[in-house]
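K.L.:
Before I ask anything, let me first share the structure, which is written out below as structure tokens.
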2 protein chains.
Amino acid sequence: MKTQSAVIERLLKYRDVMQKMKGLGFVRVFSDNLADAVGVSPSLVRKDFSIFGLTGNKRGGYQMEELIAKLNIILGKDRKQKIIIIGCGKMGRALINYNGFPRVGIRVAAGFDSDPAVLDEAAPIPILHISKIKDFITEKGIQVAVLTVPEPSAQSIIDSLKKTCIKGVINFAPVSLRSSENFIIQNINVEQEIENIFYQIHFADGAASSGEESK
Amino acid sequence: MKTQSAVIERLLKYRDVMQKMKGLGFVRVFSDNLADAVGVSPSLVRKDFSIFGLTGNKRGGYQMEELIAKLNIILGKDRKQKIIIIGCGKMGRALINYNGFPRVGIRVAAGFDSDPAVLDEAAPIPILHISKIKDFITEKGIQVAVLTVPEPSAQSIIDSLKKTCIKGVINFAPVSLRSSENFIIQNINVEQEIENIFYQIHFADGAASSGEESK
DNA sequence: CCTTTTTTGTTATTAAAATAACATATTTTT
DNA sequence: AAAAATATGTTATTTTAATAACAAAAAAGG
Ligand SMILES: NC(=O)c1ccc[n+]([C@@H]2O[C@H](COP(=O)([O-])OP(=O)(O)OC[C@H]3O[C@@H](n4cnc5c(N)ncnc54)[C@H](O)[C@@H]3O)[C@@H](O)[C@H]2O)c1
Ligand SMILES: NC(=O)c1ccc[n+]([C@@H]2O[C@H](COP(=O)([O-])OP(=O)(O)OC[C@H]3O[C@@H](n4cnc5c(N)ncnc54)[C@H](O)[C@@H]3O)[C@@H](O)[C@H]2O)c1
């Protein structure tokens with residue numbers, strides 16, 4: 001059975017919203033609140049919770065403290081989530097120095113690059129030569145990598161990662177790499193997102209396909 | 001009528017694949033080829049094309065040259081797509097200097113920041129003070145912005161952009177901003193994607209919700 | 001020139017996801 | 001303490017998306 005990632009995406013959003021509400025002093029939350037915040041129906045919120053056995057009070061909603069704790073366990077946030085960054089150019093370095101990761105329990109263990117000029121083995125988050133990646137992954141038990149190398153290198157790196165204990169990759173190269181049975185790839189394609197927005201805008205202006213009636 | 005962005009996402013992928021095939025010397029393509037490359041069924045490929053009146057030959061598939069040209073018009077790639085980057089920190093600068101944009105006809109017109117230390121009005125892609133943004137947008141007719149400011153500033157910037165001719169935004173701040181009727185927001189939440197992958201991996205290892213039977 | 005093969009374009013079917021509905025439990029009010 | 005109000009948890013319904021099926025057109029083969 002496969003739990004589809006749209007549900008998890010929403011769980012992550014519910015948790016985020018609750019964390020913020022908690023910061024404002026709230027203690028309880030209702031499915032209507034979360035629905036409004038995330039942009040779905042209240043019944044979907046309750047159904048999502050129901051799937052994971054998360055329950056509230058028939059009146060009085062959900063205790064956030066408790067719910068957040070349970071969500072964190074479901075989402076694996078009770079352990080440190082170590083990642084590595086492959087390709088330490090402009091994008092890779094932005095990610096290595098990103099201060100949003102520690103806040104959510106994600107830890108960048110190291111960066112890797114093939115260019116000797118960018119290596120820095122002594123830094124708090126070291127940038128190591130790509131030749132050392134296999135040993136590092138094995139030794140530290142890394143399971144997730146972020147790929148920020150030029151597009152032509154992306155697929156071959158994926159192929160070699162498949163021979164390690166890496167099980168999931170975020171790919172920033174503008175090519176849609178495909179997940180396989182036990183190797184998950186999540187593509188983040190910035191130019192595609194921008195192109196998509198331009199289409200939506202253009203379309204909204206009334207330029208539909210040739211013979212399309214508006215409704 | 002709203003054309004859902006999943007279809008557009010696929011059109012963009014079909015086009016990418018065809019561009020690559022063309023580079024390899026191919027002239028024609030079949031729905032089966034595109035289906036394999038993108039990971040959908042051949043009938044979906046044909047249906048997607050059909051929505052936009054893109055036709056092929058009952059035998060012999062589609063002429064790529066012609067199809068790519070038509071797709072480009074549908075996707076608005078016949079005009080330059082100008083964007084601005086708001087927030088020129090680590091992520092914003094990576095985007096400003098990203099060499100993948102020109103290749104697909106996206107042009108970064110300028111960056112904007114509130115910190116005087118990062119401004120650079122003379123650069124090829126100038127980094128201007130945020131106070132100049134409204135005039136710039138109006139003058140250059142910018143419709144799309146990329147938001148790379150810290151999370152607490154994101155919503156207020158969106159609110160002020162809504163008073164300009166900006167119609168769409170890519171938001172990198174880790175908060176789910178919501179689209180409205182004629183203002184599209186596409187969130188790219190890197191930490192969320194990583195957390196999602198960690199969940200999938202963890203789940204694949206057999207840690208389902210309490211009482212789940214496998215199938 | 002007729003038959004066979006192939007691949008489109010479209011319709012029918014299936015599958016999946018989201019919403020709506022409602023009975024049930026719990027609190028509040030009178 | 002009974003009645004009213006409220007919000008959950010689950011089932012039913014609707015909506016949306018994807019696949020499968022197939023008739024018709026075009027090319028290829030004999
Ligand atoms: N810069 C951006 O804002 C941006 C935005 C979206 C997507 N991307 C994508 O991210 C990737 C990186 O972009 P960038 O702008 O940082 O490029 P970049 O050229 O600045 O950095 C690429 C880095 O990868 C390293 N590299 C190349 N081949 C390698 C290999 N086989 N093993 C290890 N390291 C290798 C290079 O030495 C370089 O340091 C590209 O695929 C790009 O399309 C970048
Ligand atoms: N660095 C990354 O790799 C990364 C990854 C994912 C998401 N993000 C997100 O992108 C955003 C930027 O991240 P960063 O790492 O580049 O941060 P950063 O601190 O390096 O850069 C933020 C920039 O925004 C500017 N700024 C702040 N308020 C502003 C305002 N009101 N108007 C104009 N400019 C303003 C600051 O002066 C600074 O230059 C954050 O929301 C972050 O969560 C960053």
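Each chain in the structure tokens gets a letter, A, B, ..., in the order shown, and its residues are numbered from 1; ligands are numbered from 1 in order too.
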Could you give me the residues within segment 92-136 of chain B that DSSP places in alpha helix (DSSP H), as a PyMOL selection string?
P.N.:
chain B and resi 92-96+100-103+133-136
K.L.:
Which residues are near DT27 of chain C? Cut-off 9 Å, only C-alpha atoms (C1' of nucleotides), ignore same chain within fewer than 4 positions. Put them as an MDAnalysis selection string.
P.N.:
(chainID A and resid 59:60) or (chainID D and resid 5:6)
K.L.:
Would you kindly return, as a ChimeraX atom specification, each protein, DNA or RNA residue with an atom no farther than 10 Å from any atom of DT4 of chain C, considering only C-alpha atoms (C1' of nucleotides) and excluding same-chain residues fewer than 4 positions away?
P.N.:
/D:28-30
K.L.:
Would you please work out which residue, of B:Gly39, B:Pro124, B:Gly61, B:Gly25, is nearest to DT8 of chain C when using only C-alpha atoms (C1' of nucleotides)?
P.N.:
B:Gly61
K.L.:
Which one of B:Ala94, B:Ile106, B:Leu161, B:Val146 sits closest to ligand 1 if you count only C-alpha atoms and all ligand atoms?
P.N.:
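Closest residue, counting only C-alpha atoms and all ligand atoms: B:Ala94.
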K.L.:
Apply DSSP to the backbone of this structure and, from segment 16-199 of chain B, keep only the residues in strand (DSSP E); write these as a PDB file with N, CA, C and O atoms, in the first residue's frame.
P.N.:
ATOM      1  N   ARG B  28      10.203  12.758 -35.975  1.00  0.00           N
ATOM      2  CA  ARG B  28       8.853  12.447 -35.529  1.00  0.00           C
ATOM      3  C   ARG B  28       8.868  11.860 -34.121  1.00  0.00           C
ATOM      4  O   ARG B  28       9.881  11.336 -33.666  1.00  0.00           O
ATOM      5  N   VAL B  29       7.705  11.923 -33.461  1.00  0.00           N
ATOM      6  CA  VAL B  29       7.590  11.318 -32.133  1.00  0.00           C
ATOM      7  C   VAL B  29       6.206  10.689 -32.017  1.00  0.00           C
ATOM      8  O   VAL B  29       5.243  11.172 -32.617  1.00  0.00           O
ATOM      9  N   TYR B  62       3.681  12.399 -34.574  1.00  0.00           N
ATOM     10  CA  TYR B  62       3.670  13.866 -34.618  1.00  0.00           C
ATOM     11  C   TYR B  62       4.984  14.390 -35.189  1.00  0.00           C
ATOM     12  O   TYR B  62       6.055  13.879 -34.892  1.00  0.00           O
ATOM     13  N   GLN B  63       4.873  15.436 -36.004  1.00  0.00           N
ATOM     14  CA  GLN B  63       6.066  16.141 -36.484  1.00  0.00           C
ATOM     15  C   GLN B  63       6.550  17.044 -35.347  1.00  0.00           C
ATOM     16  O   GLN B  63       5.838  17.968 -34.947  1.00  0.00           O
ATOM     17  N   GLN B  81      10.015  36.351 -21.319  1.00  0.00           N
ATOM     18  CA  GLN B  81       9.320  36.284 -20.050  1.00  0.00           C
ATOM     19  C   GLN B  81      10.164  36.935 -18.964  1.00  0.00           C
ATOM     20  O   GLN B  81      11.109  36.351 -18.453  1.00  0.00           O
ATOM     21  N   LYS B  82       9.787  38.171 -18.638  1.00  0.00           N
ATOM     22  CA  LYS B  82      10.577  38.950 -17.672  1.00  0.00           C
ATOM     23  C   LYS B  82      10.121  38.697 -16.244  1.00  0.00           C
ATOM     24  O   LYS B  82       8.932  38.664 -15.959  1.00  0.00           O
ATOM     25  N   ILE B  83      11.092  38.523 -15.352  1.00  0.00           N
ATOM     26  CA  ILE B  83      10.779  38.359 -13.931  1.00  0.00           C
ATOM     27  C   ILE B  83      11.668  39.267 -13.093  1.00  0.00           C
ATOM     28  O   ILE B  83      12.687  39.781 -13.583  1.00  0.00           O
ATOM     29  N   ILE B  84      11.270  39.472 -11.842  1.00  0.00           N
ATOM     30  CA  ILE B  84      12.145  40.148 -10.881  1.00  0.00           C
ATOM     31  C   ILE B  84      12.317  39.241  -9.663  1.00  0.00           C
ATOM     32  O   ILE B  84      11.478  38.384  -9.398  1.00  0.00           O
ATOM     33  N   ILE B  85      13.425  39.455  -8.964  1.00  0.00           N
ATOM     34  CA  ILE B  85      13.727  38.675  -7.768  1.00  0.00           C
ATOM     35  C   ILE B  85      13.652  39.601  -6.555  1.00  0.00           C
ATOM     36  O   ILE B  85      14.363  40.614  -6.516  1.00  0.00           O
ATOM     37  N   ILE B  86      12.809  39.282  -5.603  1.00  0.00           N
ATOM     38  CA  ILE B  86      12.669  40.132  -4.421  1.00  0.00           C
ATOM     39  C   ILE B  86      13.316  39.444  -3.230  1.00  0.00           C
ATOM     40  O   ILE B  86      12.888  38.366  -2.818  1.00  0.00           O
ATOM     41  N   ILE B 106      13.626  33.036 -20.204  1.00  0.00           N
ATOM     42  CA  ILE B 106      13.263  33.811 -19.018  1.00  0.00           C
ATOM     43  C   ILE B 106      14.373  34.818 -18.745  1.00  0.00           C
ATOM     44  O   ILE B 106      15.553  34.483 -18.772  1.00  0.00           O
ATOM     45  N   ARG B 107      13.980  36.040 -18.504  1.00  0.00           N
ATOM     46  CA  ARG B 107      14.968  37.098 -18.318  1.00  0.00           C
ATOM     47  C   ARG B 107      14.742  37.760 -16.968  1.00  0.00           C
ATOM     48  O   ARG B 107      13.643  38.200 -16.662  1.00  0.00           O
ATOM     49  N   VAL B 108      15.787  37.787 -16.128  1.00  0.00           N
ATOM     50  CA  VAL B 108      15.687  38.467 -14.836  1.00  0.00           C
ATOM     51  C   VAL B 108      15.947  39.951 -15.076  1.00  0.00           C
ATOM     52  O   VAL B 108      17.063  40.341 -15.445  1.00  0.00           O
ATOM     53  N   ALA B 109      14.928  40.760 -14.862  1.00  0.00           N
ATOM     54  CA  ALA B 109      15.037  42.193 -15.157  1.00  0.00           C
ATOM     55  C   ALA B 109      15.793  42.931 -14.052  1.00  0.00           C
ATOM     56  O   ALA B 109      16.534  43.879 -14.332  1.00  0.00           O
ATOM     57  N   ALA B 110      15.612  42.508 -12.816  1.00  0.00           N
ATOM     58  CA  ALA B 110      16.296  43.156 -11.696  1.00  0.00           C
ATOM     59  C   ALA B 110      16.057  42.367 -10.418  1.00  0.00           C
ATOM     60  O   ALA B 110      15.156  41.525 -10.336  1.00  0.00           O
ATOM     61  N   GLY B 111      16.895  42.658  -9.414  1.00  0.00           N
ATOM     62  CA  GLY B 111      16.659  42.156  -8.068  1.00  0.00           C
ATOM     63  C   GLY B 111      16.319  43.332  -7.178  1.00  0.00           C
ATOM     64  O   GLY B 111      16.637  44.479  -7.503  1.00  0.00           O
ATOM     65  N   PHE B 112      15.658  43.042  -6.052  1.00  0.00           N
ATOM     66  CA  PHE B 112      15.315  44.106  -5.094  1.00  0.00           C
ATOM     67  C   PHE B 112      15.618  43.638  -3.682  1.00  0.00           C
ATOM     68  O   PHE B 112      15.431  42.467  -3.351  1.00  0.00           O
ATOM     69  N   ASP B 113      16.114  44.588  -2.872  1.00  0.00           N
ATOM     70  CA  ASP B 113      16.429  44.246  -1.480  1.00  0.00           C
ATOM     71  C   ASP B 113      16.287  45.502  -0.627  1.00  0.00           C
ATOM     72  O   ASP B 113      16.385  46.627  -1.122  1.00  0.00           O
ATOM     73  N   ILE B 127      20.692  45.274  -8.842  1.00  0.00           N
ATOM     74  CA  ILE B 127      20.000  45.022  -7.577  1.00  0.00           C
ATOM     75  C   ILE B 127      19.628  46.379  -6.998  1.00  0.00           C
ATOM     76  O   ILE B 127      20.493  47.166  -6.632  1.00  0.00           O
ATOM     77  N   LEU B 128      18.334  46.638  -6.968  1.00  0.00           N
ATOM     78  CA  LEU B 128      17.839  47.962  -6.605  1.00  0.00           C
ATOM     79  C   LEU B 128      17.194  47.954  -5.229  1.00  0.00           C
ATOM     80  O   LEU B 128      16.815  46.887  -4.713  1.00  0.00           O
ATOM     81  N   HIS B 129      17.047  49.161  -4.679  1.00  0.00           N
ATOM     82  CA  HIS B 129      16.391  49.245  -3.374  1.00  0.00           C
ATOM     83  C   HIS B 129      14.895  48.972  -3.524  1.00  0.00           C
ATOM     84  O   HIS B 129      14.271  49.377  -4.507  1.00  0.00           O
ATOM     85  N   VAL B 144       5.582  38.857 -13.310  1.00  0.00           N
ATOM     86  CA  VAL B 144       5.920  37.724 -12.444  1.00  0.00           C
ATOM     87  C   VAL B 144       7.119  38.067 -11.559  1.00  0.00           C
ATOM     88  O   VAL B 144       8.118  38.615 -12.028  1.00  0.00           O
ATOM     89  N   ALA B 145       7.007  37.726 -10.273  1.00  0.00           N
ATOM     90  CA  ALA B 145       8.098  37.962  -9.321  1.00  0.00           C
ATOM     91  C   ALA B 145       8.451  36.673  -8.609  1.00  0.00           C
ATOM     92  O   ALA B 145       7.610  35.793  -8.428  1.00  0.00           O
ATOM     93  N   VAL B 146       9.726  36.564  -8.215  1.00  0.00           N
ATOM     94  CA  VAL B 146      10.157  35.447  -7.373  1.00  0.00           C
ATOM     95  C   VAL B 146      10.479  36.019  -6.005  1.00  0.00           C
ATOM     96  O   VAL B 146      11.238  36.986  -5.890  1.00  0.00           O
ATOM     97  N   LEU B 147       9.882  35.448  -4.988  1.00  0.00           N
ATOM     98  CA  LEU B 147       9.995  35.980  -3.638  1.00  0.00           C
ATOM     99  C   LEU B 147      10.990  35.151  -2.838  1.00  0.00           C
ATOM    100  O   LEU B 147      10.745  33.980  -2.545  1.00  0.00           O
ATOM    101  N   GLY B 168       1.575  37.050 -10.805  1.00  0.00           N
ATOM    102  CA  GLY B 168       1.973  35.731 -10.330  1.00  0.00           C
ATOM    103  C   GLY B 168       3.289  35.790  -9.589  1.00  0.00           C
ATOM    104  O   GLY B 168       4.162  36.607  -9.904  1.00  0.00           O
ATOM    105  N   VAL B 169       3.438  34.927  -8.597  1.00  0.00           N
ATOM    106  CA  VAL B 169       4.641  34.926  -7.765  1.00  0.00           C
ATOM    107  C   VAL B 169       5.071  33.487  -7.474  1.00  0.00           C
ATOM    108  O   VAL B 169       4.232  32.622  -7.223  1.00  0.00           O
ATOM    109  N   ILE B 170       6.381  33.265  -7.532  1.00  0.00           N
ATOM    110  CA  ILE B 170       6.950  32.031  -6.998  1.00  0.00           C
ATOM    111  C   ILE B 170       7.470  32.372  -5.614  1.00  0.00           C
ATOM    112  O   ILE B 170       8.293  33.277  -5.474  1.00  0.00           O
ATOM    113  N   ASN B 171       7.000  31.680  -4.613  1.00  0.00           N
ATOM    114  CA  ASN B 171       7.393  31.978  -3.240  1.00  0.00           C
ATOM    115  C   ASN B 171       8.292  30.894  -2.660  1.00  0.00           C
ATOM    116  O   ASN B 171       7.892  29.743  -2.559  1.00  0.00           O
ATOM    117  N   ILE B 184      -1.766  34.622  -8.846  1.00  0.00           N
ATOM    118  CA  ILE B 184      -1.353  33.231  -8.671  1.00  0.00           C
ATOM    119  C   ILE B 184      -0.090  33.146  -7.831  1.00  0.00           C
ATOM    120  O   ILE B 184       0.875  33.858  -8.095  1.00  0.00           O
ATOM    121  N   ILE B 185      -0.096  32.291  -6.851  1.00  0.00           N
ATOM    122  CA  ILE B 185       1.109  32.061  -6.057  1.00  0.00           C
ATOM    123  C   ILE B 185       1.478  30.591  -6.136  1.00  0.00           C
ATOM    124  O   ILE B 185       0.659  29.718  -5.905  1.00  0.00           O
ATOM    125  N   GLN B 186       2.719  30.338  -6.505  1.00  0.00           N
ATOM    126  CA  GLN B 186       3.229  28.982  -6.552  1.00  0.00           C
ATOM    127  C   GLN B 186       4.290  28.858  -5.473  1.00  0.00           C
ATOM    128  O   GLN B 186       5.312  29.532  -5.520  1.00  0.00           O
ATOM    129  N   ASN B 187       4.047  28.040  -4.473  1.00  0.00           N
ATOM    130  CA  ASN B 187       4.995  27.885  -3.377  1.00  0.00           C
ATOM    131  C   ASN B 187       6.021  26.805  -3.689  1.00  0.00           C
ATOM    132  O   ASN B 187       5.659  25.709  -4.116  1.00  0.00           O
TER     133      ASN B 187
END
K.L.:
Would you name the residues within 10 Å of ligand 1, counting only C-alpha atoms (C1' of nucleotides) and all ligand atoms, and put them as an MDAnalysis selection string?
P.N.:
(chainID A and resid 85:95 111:119 128:131 133 146:157 171:175 188:192) or (chainID B and resid 90:101)
K.L.:
Skipping near chain neighbours, those fewer than 3 positions away, what residues fall within 12 Å of DT10 of chain D using only C-alpha atoms (C1' of nucleotides), listed as a PDB file with N, CA and C atoms (P, O5', C5', C4', C3', O3' and C1' of nucleotides), in the first residue's frame?
P.N.:
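The new file selection_32.pdb reads:
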ATOM      1  N   SER A  43     -13.758  18.461   6.172  1.00  0.00           N
ATOM      2  CA  SER A  43     -13.869  16.991   6.202  1.00  0.00           C
ATOM      3  C   SER A  43     -12.573  16.330   5.751  1.00  0.00           C
ATOM      4  N   LEU A  44     -11.864  16.995   4.854  1.00  0.00           N
ATOM      5  CA  LEU A  44     -10.592  16.412   4.413  1.00  0.00           C
ATOM      6  C   LEU A  44      -9.573  16.438   5.544  1.00  0.00           C
ATOM      7  N   ARG A  46     -10.226  16.207   8.710  1.00  0.00           N
ATOM      8  CA  ARG A  46     -10.582  15.131   9.643  1.00  0.00           C
ATOM      9  C   ARG A  46     -10.246  13.765   9.062  1.00  0.00           C
ATOM     10  N   LYS A  47     -10.473  13.640   7.751  1.00  0.00           N
ATOM     11  CA  LYS A  47     -10.159  12.363   7.113  1.00  0.00           C
ATOM     12  C   LYS A  47      -8.656  12.094   7.142  1.00  0.00           C
ATOM     13  N   SER A  50      -7.794  10.989  10.468  1.00  0.00           N
ATOM     14  CA  SER A  50      -8.382   9.683  10.701  1.00  0.00           C
ATOM     15  C   SER A  50      -7.505   8.557  10.141  1.00  0.00           C
ATOM     16  N   ILE A  51      -6.914   8.801   8.967  1.00  0.00           N
ATOM     17  CA  ILE A  51      -6.046   7.807   8.346  1.00  0.00           C
ATOM     18  C   ILE A  51      -4.926   7.369   9.285  1.00  0.00           C
TER      19      ILE A  51
ATOM     20  P    DA C  21     -24.565  18.537   1.595  1.00  0.00           P
ATOM     21  O5'  DA C  21     -24.915  17.217   2.415  1.00  0.00           O
ATOM     22  C5'  DA C  21     -24.779  15.949   1.796  1.00  0.00           C
ATOM     23  C4'  DA C  21     -25.022  14.860   2.830  1.00  0.00           C
ATOM     24  C3'  DA C  21     -25.933  15.270   3.982  1.00  0.00           C
ATOM     25  O3'  DA C  21     -26.724  14.137   4.303  1.00  0.00           O
ATOM     26  C1'  DA C  21     -23.858  14.598   4.852  1.00  0.00           C
ATOM     27  P    DC C  22     -28.059  14.287   5.183  1.00  0.00           P
ATOM     28  O5'  DC C  22     -27.704  13.433   6.474  1.00  0.00           O
ATOM     29  C5'  DC C  22     -27.111  12.138   6.363  1.00  0.00           C
ATOM     30  C4'  DC C  22     -26.482  11.756   7.687  1.00  0.00           C
ATOM     31  C3'  DC C  22     -27.267  12.283   8.909  1.00  0.00           C
ATOM     32  O3'  DC C  22     -27.282  11.275   9.892  1.00  0.00           O
ATOM     33  C1'  DC C  22     -25.054  12.878   9.091  1.00  0.00           C
ATOM     34  P    DA C  23     -28.629  10.962  10.732  1.00  0.00           P
ATOM     35  O5'  DA C  23     -28.449   9.477  11.286  1.00  0.00           O
ATOM     36  C5'  DA C  23     -27.351   8.650  10.877  1.00  0.00           C
ATOM     37  C4'  DA C  23     -26.314   8.502  11.981  1.00  0.00           C
ATOM     38  C3'  DA C  23     -26.868   8.444  13.406  1.00  0.00           C
ATOM     39  O3'  DA C  23     -26.195   7.379  14.083  1.00  0.00           O
ATOM     40  C1'  DA C  23     -25.225  10.129  13.269  1.00  0.00           C
ATOM     41  P    DT C  24     -26.318   7.077  15.602  1.00  0.00           P
ATOM     42  O5'  DT C  24     -25.067   7.822  16.222  1.00  0.00           O
ATOM     43  C5'  DT C  24     -23.750   7.314  16.012  1.00  0.00           C
ATOM     44  C4'  DT C  24     -22.810   8.092  16.910  1.00  0.00           C
ATOM     45  C3'  DT C  24     -23.230   8.113  18.380  1.00  0.00           C
ATOM     46  O3'  DT C  24     -22.088   7.822  19.171  1.00  0.00           O
ATOM     47  C1'  DT C  24     -22.830  10.295  17.619  1.00  0.00           C
TER      48       DT C  24
END
K.L.:
Show me, as a short mmCIF file (atom, residue, chain, number, x, y, z; two decimals) with N, CA and C atoms (P, O5', C5', C4', C3', O3' and C1' of nucleotides), in the first residue's frame, every residue of chain C with an atom at most 8 Å from chain A, counting only C-alpha atoms (C1' of nucleotides).
P.N.:
data_model
loop_
_atom_site.label_atom_id
_atom_site.label_comp_id
_atom_site.auth_asym_id
_atom_site.auth_seq_id
_atom_site.Cartn_x
_atom_site.Cartn_y
_atom_site.Cartn_z
P DA C 18 -7.05 15.41 -2.71
"O5'" DA C 18 -8.52 15.99 -2.56
"C5'" DA C 18 -9.10 16.70 -3.64
"C4'" DA C 18 -10.55 16.92 -3.36
"C3'" DA C 18 -10.83 17.59 -2.00
"O3'" DA C 18 -11.58 18.76 -2.23
"C1'" DA C 18 -12.22 15.69 -2.33
P DT C 19 -11.95 19.77 -1.08
"O5'" DT C 19 -13.52 19.56 -0.91
"C5'" DT C 19 -14.33 19.64 -2.08
"C4'" DT C 19 -15.67 19.00 -1.79
"C3'" DT C 19 -16.40 19.61 -0.60
"O3'" DT C 19 -17.66 20.02 -1.08
"C1'" DT C 19 -16.46 17.26 -0.51
P DA C 25 -22.16 7.50 20.70
"O5'" DA C 25 -21.24 8.64 21.34
"C5'" DA C 25 -19.90 8.76 20.89
"C4'" DA C 25 -19.40 10.14 21.27
"C3'" DA C 25 -19.50 10.46 22.76
"O3'" DA C 25 -18.23 10.94 23.18
"C1'" DA C 25 -20.52 12.17 21.48
P DT C 26 -17.89 11.17 24.69
"O5'" DT C 26 -18.05 12.74 24.82
"C5'" DT C 26 -17.23 13.60 24.04
"C4'" DT C 26 -17.69 15.02 24.22
"C3'" DT C 26 -17.88 15.46 25.68
"O3'" DT C 26 -17.14 16.64 25.85
"C1'" DT C 26 -19.71 16.10 24.38
P DT C 27 -16.50 17.04 27.22
"O5'" DT C 27 -17.19 18.46 27.46
"C5'" DT C 27 -16.83 19.52 26.60
"C4'" DT C 27 -18.04 20.37 26.30
"C3'" DT C 27 -18.44 21.33 27.42
"O3'" DT C 27 -18.00 22.62 27.05
"C1'" DT C 27 -20.30 20.46 26.21
#
K.L.:
Return the neighbours of chain A among the residues of chain D, cut-off 8 Å, counting only C-alpha atoms (C1' of nucleotides), as a ChimeraX atom specification.
P.N.:
/D:6-9
K.L.:
Since we have the selection now, will you write its residues out, keeping all heavy atoms, as a tab-separated table (two decimals), in the first residue's frame?
P.N.:
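File written: result01.tsv
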chain	number	residue	atom	x	y	z
D	6	DT	P	-23.79	26.76	18.29
D	6	DT	OP1	-23.17	28.07	18.61
D	6	DT	OP2	-24.59	26.56	17.07
D	6	DT	O5'	-22.63	25.68	18.30
D	6	DT	C5'	-21.86	25.48	19.49
D	6	DT	C4'	-21.02	24.24	19.30
D	6	DT	O4'	-21.84	23.05	19.37
D	6	DT	C3'	-20.31	24.18	17.94
D	6	DT	O3'	-18.97	23.88	18.20
D	6	DT	C2'	-21.01	23.03	17.22
D	6	DT	C1'	-21.37	22.14	18.41
D	6	DT	N1	-22.43	21.13	18.20
D	6	DT	C2	-22.21	19.86	18.71
D	6	DT	O2	-21.20	19.55	19.30
D	6	DT	N3	-23.25	18.97	18.49
D	6	DT	C4	-24.43	19.23	17.84
D	6	DT	O4	-25.27	18.35	17.71
D	6	DT	C5	-24.60	20.57	17.34
D	6	DT	C7	-25.84	20.95	16.62
D	6	DT	C6	-23.59	21.44	17.54
D	7	DA	P	-17.82	24.42	17.24
D	7	DA	OP1	-16.90	25.29	17.99
D	7	DA	OP2	-18.45	24.89	15.99
D	7	DA	O5'	-17.08	23.06	16.93
D	7	DA	C5'	-16.51	22.33	18.01
D	7	DA	C4'	-16.31	20.91	17.56
D	7	DA	O4'	-17.59	20.24	17.52
D	7	DA	C3'	-15.72	20.78	16.15
D	7	DA	O3'	-14.73	19.78	16.17
D	7	DA	C2'	-16.90	20.36	15.31
D	7	DA	C1'	-17.68	19.52	16.31
D	7	DA	N9	-19.08	19.36	15.97
D	7	DA	C8	-19.92	20.25	15.36
D	7	DA	N7	-21.13	19.81	15.16
D	7	DA	C5	-21.09	18.52	15.65
D	7	DA	C6	-22.05	17.51	15.73
D	7	DA	N6	-23.29	17.65	15.28
D	7	DA	N1	-21.67	16.34	16.28
D	7	DA	C2	-20.42	16.20	16.74
D	7	DA	N3	-19.42	17.08	16.72
D	7	DA	C4	-19.82	18.24	16.16
D	8	DT	P	-13.79	19.42	14.93
D	8	DT	OP1	-12.44	19.94	15.20
D	8	DT	OP2	-14.47	19.77	13.68
D	8	DT	O5'	-13.75	17.85	15.10
D	8	DT	C5'	-13.37	17.30	16.36
D	8	DT	C4'	-14.06	15.98	16.56
D	8	DT	O4'	-15.47	16.12	16.28
D	8	DT	C3'	-13.54	14.86	15.65
D	8	DT	O3'	-13.15	13.77	16.46
D	8	DT	C2'	-14.71	14.53	14.74
D	8	DT	C1'	-15.92	15.03	15.53
D	8	DT	N1	-17.06	15.49	14.70
D	8	DT	C2	-18.20	14.72	14.64
D	8	DT	O2	-18.32	13.65	15.23
D	8	DT	N3	-19.21	15.24	13.87
D	8	DT	C4	-19.20	16.43	13.16
D	8	DT	O4	-20.17	16.79	12.51
D	8	DT	C5	-17.98	17.18	13.26
D	8	DT	C7	-17.85	18.49	12.55
D	8	DT	C6	-16.98	16.69	14.01
D	9	DG	P	-12.05	12.74	15.92
D	9	DG	OP1	-11.44	12.06	17.07
D	9	DG	OP2	-11.21	13.44	14.92
D	9	DG	O5'	-12.96	11.70	15.13
D	9	DG	C5'	-13.69	10.73	15.86
D	9	DG	C4'	-14.53	9.92	14.90
D	9	DG	O4'	-15.47	10.79	14.22
D	9	DG	C3'	-13.75	9.21	13.80
D	9	DG	O3'	-14.32	7.92	13.70
D	9	DG	C2'	-14.02	10.05	12.55
D	9	DG	C1'	-15.43	10.54	12.83
D	9	DG	N9	-15.83	11.79	12.19
D	9	DG	C8	-15.08	12.92	12.00
D	9	DG	N7	-15.74	13.90	11.43
D	9	DG	C5	-17.01	13.38	11.22
D	9	DG	C6	-18.15	13.98	10.64
D	9	DG	O6	-18.29	15.13	10.18
D	9	DG	N1	-19.24	13.11	10.64
D	9	DG	C2	-19.22	11.82	11.14
D	9	DG	N2	-20.35	11.13	11.05
D	9	DG	N3	-18.16	11.25	11.69
D	9	DG	C4	-17.08	12.09	11.69
K.L.:
What does the distance between atom CA of Asp159 of chain A and atom CA of Ser176 of chain A come to in Å, to one decimal place?
P.N.:
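Separation of atom CA of Asp159 of chain A and atom CA of Ser176 of chain A: 14.4 Å.
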K.L.:
Go ahead and compute the interatomic distance for atom CA of Arg178 of chain B and atom C1' of DA17 of chain C, in Å to one decimal.
P.N.:
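For atom CA of Arg178 of chain B relative to atom C1' of DA17 of chain C, the distance reads 20.3 Å.
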K.L.:
Nearest to ligand 2 among B:Lys13, B:Lys132, B:Lys22, B:Lys167, with distances taken over only C-alpha atoms and all ligand atoms: which residue is it?
P.N.:
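Smallest separation from ligand 2 among the options: B:Lys132.
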